[in-house]
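Notes follow the structure.
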Amino acid sequence: MAEPRRPDAGSSRTASARRTEAARGPEQAARTALRSLAGLIDHPPEGVSAVRRSDDGWCVVVDVLEVPRIPDTTSLLASYEVQLDRAGELLEYRRVRRYRRGAADE
């Protein structure tokens with residue numbers, strides 16, 4: 001009879017270390033939010049427009065190209081607010097704004 005496999009302690013520490021490092025500072029939080037959001041929606045991220053520390057982690061605003069158009073200045077973009085916990089895990093995301101690339105802020 002085969003002996004049940006035990007999880008390798010080293011691999012779980014490595015995954016934990018990656019999550020901790022992913023949310024250690026604003027740059028890592030921004031990268032983690034970009035990756036997490038890109039894995040959930042079918043639109044390519046354009047970049048990060050805001051990062052702020054929240055009580056339980058990070059809040060990152062990611063700008064996404066939703067409708068590409070020609071000329072590019074008429075493309076539709078959206079801003080998504082991505083909430084990460086202290087370990088860098090995605091808590092929630094939501095679209096907070098949709099706008100034309102060539103439009104000035106109101």
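Here's how to read the names in the structure tokens: chain A, B, ... by the order shown, residue numbers from 1 in each chain, ligand numbers from 1 in the order shown.
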
*So which residues touch region 71-76 of chain A within 10 Å, counting only C-alpha atoms, skipping near sequence neighbours fewer than 6 positions away, as a list in words?*
Val64, Leu65, Arg98, Tyr99, Arg100, Arg101, Gly102 and Ala103 of chain A

I'd like the neighbourhood of Arg86 (chain A) as a compact mmCIF listing (two decimals) with all heavy atoms, in the first residue's frame, where a residue qualifies if any of its atoms comes within 7 Å (using only C-alpha atoms), though same-chain residues fewer than 2 positions away should be ignored.
# COMPACT_ATOMS: atom_id res chain seq x y z
N ALA A 23 3.06 41.82 -2.03
CA ALA A 23 2.34 42.95 -1.45
C ALA A 23 3.21 43.76 -0.49
O ALA A 23 2.71 44.52 0.30
CB ALA A 23 1.10 42.45 -0.74
N ASP A 56 -6.52 46.84 5.26
CA ASP A 56 -6.22 45.41 5.21
C ASP A 56 -5.37 45.01 4.01
O ASP A 56 -5.34 43.86 3.63
CB ASP A 56 -7.52 44.60 5.24
CG ASP A 56 -8.50 45.02 4.17
OD1 ASP A 56 -8.32 46.10 3.59
OD2 ASP A 56 -9.44 44.26 3.90
N GLY A 57 -4.68 45.97 3.38
CA GLY A 57 -3.81 45.62 2.25
C GLY A 57 -3.55 46.79 1.33
O GLY A 57 -3.08 47.85 1.77
N LEU A 84 -6.34 44.25 -2.76
CA LEU A 84 -5.48 43.12 -2.39
C LEU A 84 -5.34 43.08 -0.87
O LEU A 84 -5.29 44.14 -0.23
CB LEU A 84 -4.08 43.30 -2.99
CG LEU A 84 -3.97 43.43 -4.49
CD1 LEU A 84 -2.53 43.74 -4.88
CD2 LEU A 84 -4.45 42.17 -5.18
N GLY A 88 -1.14 39.87 -0.66
CA GLY A 88 -1.17 40.03 -2.11
C GLY A 88 -2.27 39.24 -2.80
O GLY A 88 -2.31 39.17 -4.02

Need the shell around Ala30 (chain A): protein/DNA/RNA residues with any atom at most 10 Å away, counting only C-alpha atoms. Skip same-chain ones fewer than 4 positions apart. Format as an mmCIF file with N, CA, C and O atoms, in the first residue's frame?
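The resulting file, selection_9.cif, is reproduced below:
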data_model
loop_
_atom_site.group_PDB
_atom_site.id
_atom_site.type_symbol
_atom_site.label_atom_id
_atom_site.label_comp_id
_atom_site.auth_asym_id
_atom_site.auth_seq_id
_atom_site.Cartn_x
_atom_site.Cartn_y
_atom_site.Cartn_z
ATOM 1 N N ALA A 22 4.859 39.899 -2.879
ATOM 2 C CA ALA A 22 3.988 40.521 -3.869
ATOM 3 C C ALA A 22 3.286 41.748 -3.315
ATOM 4 O O ALA A 22 2.933 42.641 -4.057
ATOM 5 N N ALA A 23 3.063 41.820 -2.027
ATOM 6 C CA ALA A 23 2.342 42.950 -1.451
ATOM 7 C C ALA A 23 3.214 43.755 -0.492
ATOM 8 O O ALA A 23 2.713 44.517 0.300
ATOM 9 N N GLY A 25 5.363 46.249 -0.992
ATOM 10 C CA GLY A 25 5.383 47.682 -1.238
ATOM 11 C C GLY A 25 4.463 48.044 -2.381
ATOM 12 O O GLY A 25 3.846 47.171 -2.996
ATOM 13 N N PRO A 26 4.361 49.331 -2.709
ATOM 14 C CA PRO A 26 3.440 49.763 -3.757
ATOM 15 C C PRO A 26 3.777 49.210 -5.137
ATOM 16 O O PRO A 26 2.878 48.874 -5.903
ATOM 17 N N LEU A 34 -2.087 44.052 -11.480
ATOM 18 C CA LEU A 34 -2.118 43.918 -12.944
ATOM 19 C C LEU A 34 -2.280 42.466 -13.347
ATOM 20 O O LEU A 34 -3.130 42.131 -14.178
ATOM 21 N N ARG A 35 -1.463 41.590 -12.770
ATOM 22 C CA ARG A 35 -1.520 40.158 -13.103
ATOM 23 C C ARG A 35 -2.868 39.558 -12.726
ATOM 24 O O ARG A 35 -3.461 38.805 -13.497
ATOM 25 N N SER A 36 -3.350 39.876 -11.529
ATOM 26 C CA SER A 36 -4.616 39.307 -11.054
ATOM 27 C C SER A 36 -5.777 39.730 -11.929
ATOM 28 O O SER A 36 -6.608 38.908 -12.323
ATOM 29 N N GLY A 47 -2.003 50.047 -17.703
ATOM 30 C CA GLY A 47 -1.091 50.487 -16.662
ATOM 31 C C GLY A 47 -1.823 50.740 -15.366
ATOM 32 O O GLY A 47 -3.032 50.525 -15.251
ATOM 33 N N VAL A 48 -1.073 51.224 -14.392
ATOM 34 C CA VAL A 48 -1.612 51.524 -13.066
ATOM 35 C C VAL A 48 -1.644 53.033 -12.901
ATOM 36 O O VAL A 48 -0.660 53.712 -13.170
ATOM 37 N N SER A 49 -2.786 53.566 -12.481
ATOM 38 C CA SER A 49 -2.887 55.016 -12.298
ATOM 39 C C SER A 49 -2.905 55.434 -10.827
ATOM 40 O O SER A 49 -2.757 56.610 -10.532
ATOM 41 N N ALA A 50 -3.061 54.476 -9.911
ATOM 42 C CA ALA A 50 -3.044 54.825 -8.482
ATOM 43 C C ALA A 50 -2.781 53.582 -7.646
ATOM 44 O O ALA A 50 -3.217 52.483 -7.991
ATOM 45 N N VAL A 51 -2.054 53.788 -6.550
ATOM 46 C CA VAL A 51 -1.821 52.738 -5.553
ATOM 47 C C VAL A 51 -1.907 53.400 -4.188
ATOM 48 O O VAL A 51 -1.299 54.448 -3.963
ATOM 49 N N ARG A 52 -2.693 52.808 -3.292
ATOM 50 C CA ARG A 52 -2.734 53.342 -1.931
ATOM 51 C C ARG A 52 -2.879 52.185 -0.950
ATOM 52 O O ARG A 52 -3.501 51.171 -1.246
ATOM 53 N N TRP A 58 -3.914 46.617 0.067
ATOM 54 C CA TRP A 58 -3.662 47.639 -0.954
ATOM 55 C C TRP A 58 -4.884 47.842 -1.836
ATOM 56 O O TRP A 58 -5.631 46.899 -2.105
ATOM 57 N N CYS A 59 -5.060 49.061 -2.314
ATOM 58 C CA CYS A 59 -6.076 49.395 -3.306
ATOM 59 C C CYS A 59 -5.318 49.932 -4.518
ATOM 60 O O CYS A 59 -4.594 50.925 -4.414
ATOM 61 N N VAL A 60 -5.474 49.282 -5.659
ATOM 62 C CA VAL A 60 -4.744 49.644 -6.871
ATOM 63 C C VAL A 60 -5.767 49.948 -7.969
ATOM 64 O O VAL A 60 -6.711 49.189 -8.177
ATOM 65 N N VAL A 61 -5.580 51.072 -8.678
ATOM 66 C CA VAL A 61 -6.439 51.415 -9.810
ATOM 67 C C VAL A 61 -5.686 51.051 -11.087
ATOM 68 O O VAL A 61 -4.594 51.573 -11.347
ATOM 69 N N VAL A 62 -6.266 50.129 -11.861
ATOM 70 C CA VAL A 62 -5.659 49.637 -13.090
ATOM 71 C C VAL A 62 -6.483 50.141 -14.273
ATOM 72 O O VAL A 62 -7.706 49.990 -14.290
ATOM 73 N N VAL A 82 -8.795 47.530 -7.728
ATOM 74 C CA VAL A 82 -8.448 46.173 -7.317
ATOM 75 C C VAL A 82 -8.017 46.206 -5.857
ATOM 76 O O VAL A 82 -7.110 46.947 -5.494
ATOM 77 N N LEU A 84 -6.342 44.247 -2.758
ATOM 78 C CA LEU A 84 -5.477 43.122 -2.386
ATOM 79 C C LEU A 84 -5.340 43.082 -0.868
ATOM 80 O O LEU A 84 -5.294 44.137 -0.227
ATOM 81 N N GLY A 88 -1.138 39.874 -0.663
ATOM 82 C CA GLY A 88 -1.167 40.027 -2.108
ATOM 83 C C GLY A 88 -2.267 39.244 -2.798
ATOM 84 O O GLY A 88 -2.306 39.174 -4.016
#

_Minimum-distance residue to Glu81 (chain A), chosen among A:Ala33, A:Ala38, A:Ala104, A:Pro45 (using only C-alpha atoms)_ =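 Ranked by minimum distance to Glu81 (chain A), first place goes to A:Ala33.
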
*What does the distance from CA of Tyr93 (chain A) to CA of Pro68 (chain A) come to in Å, to one decimal?*
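Between CA of Tyr93 (chain A) and CA of Pro68 (chain A) the gap works out to 22.0 Å.
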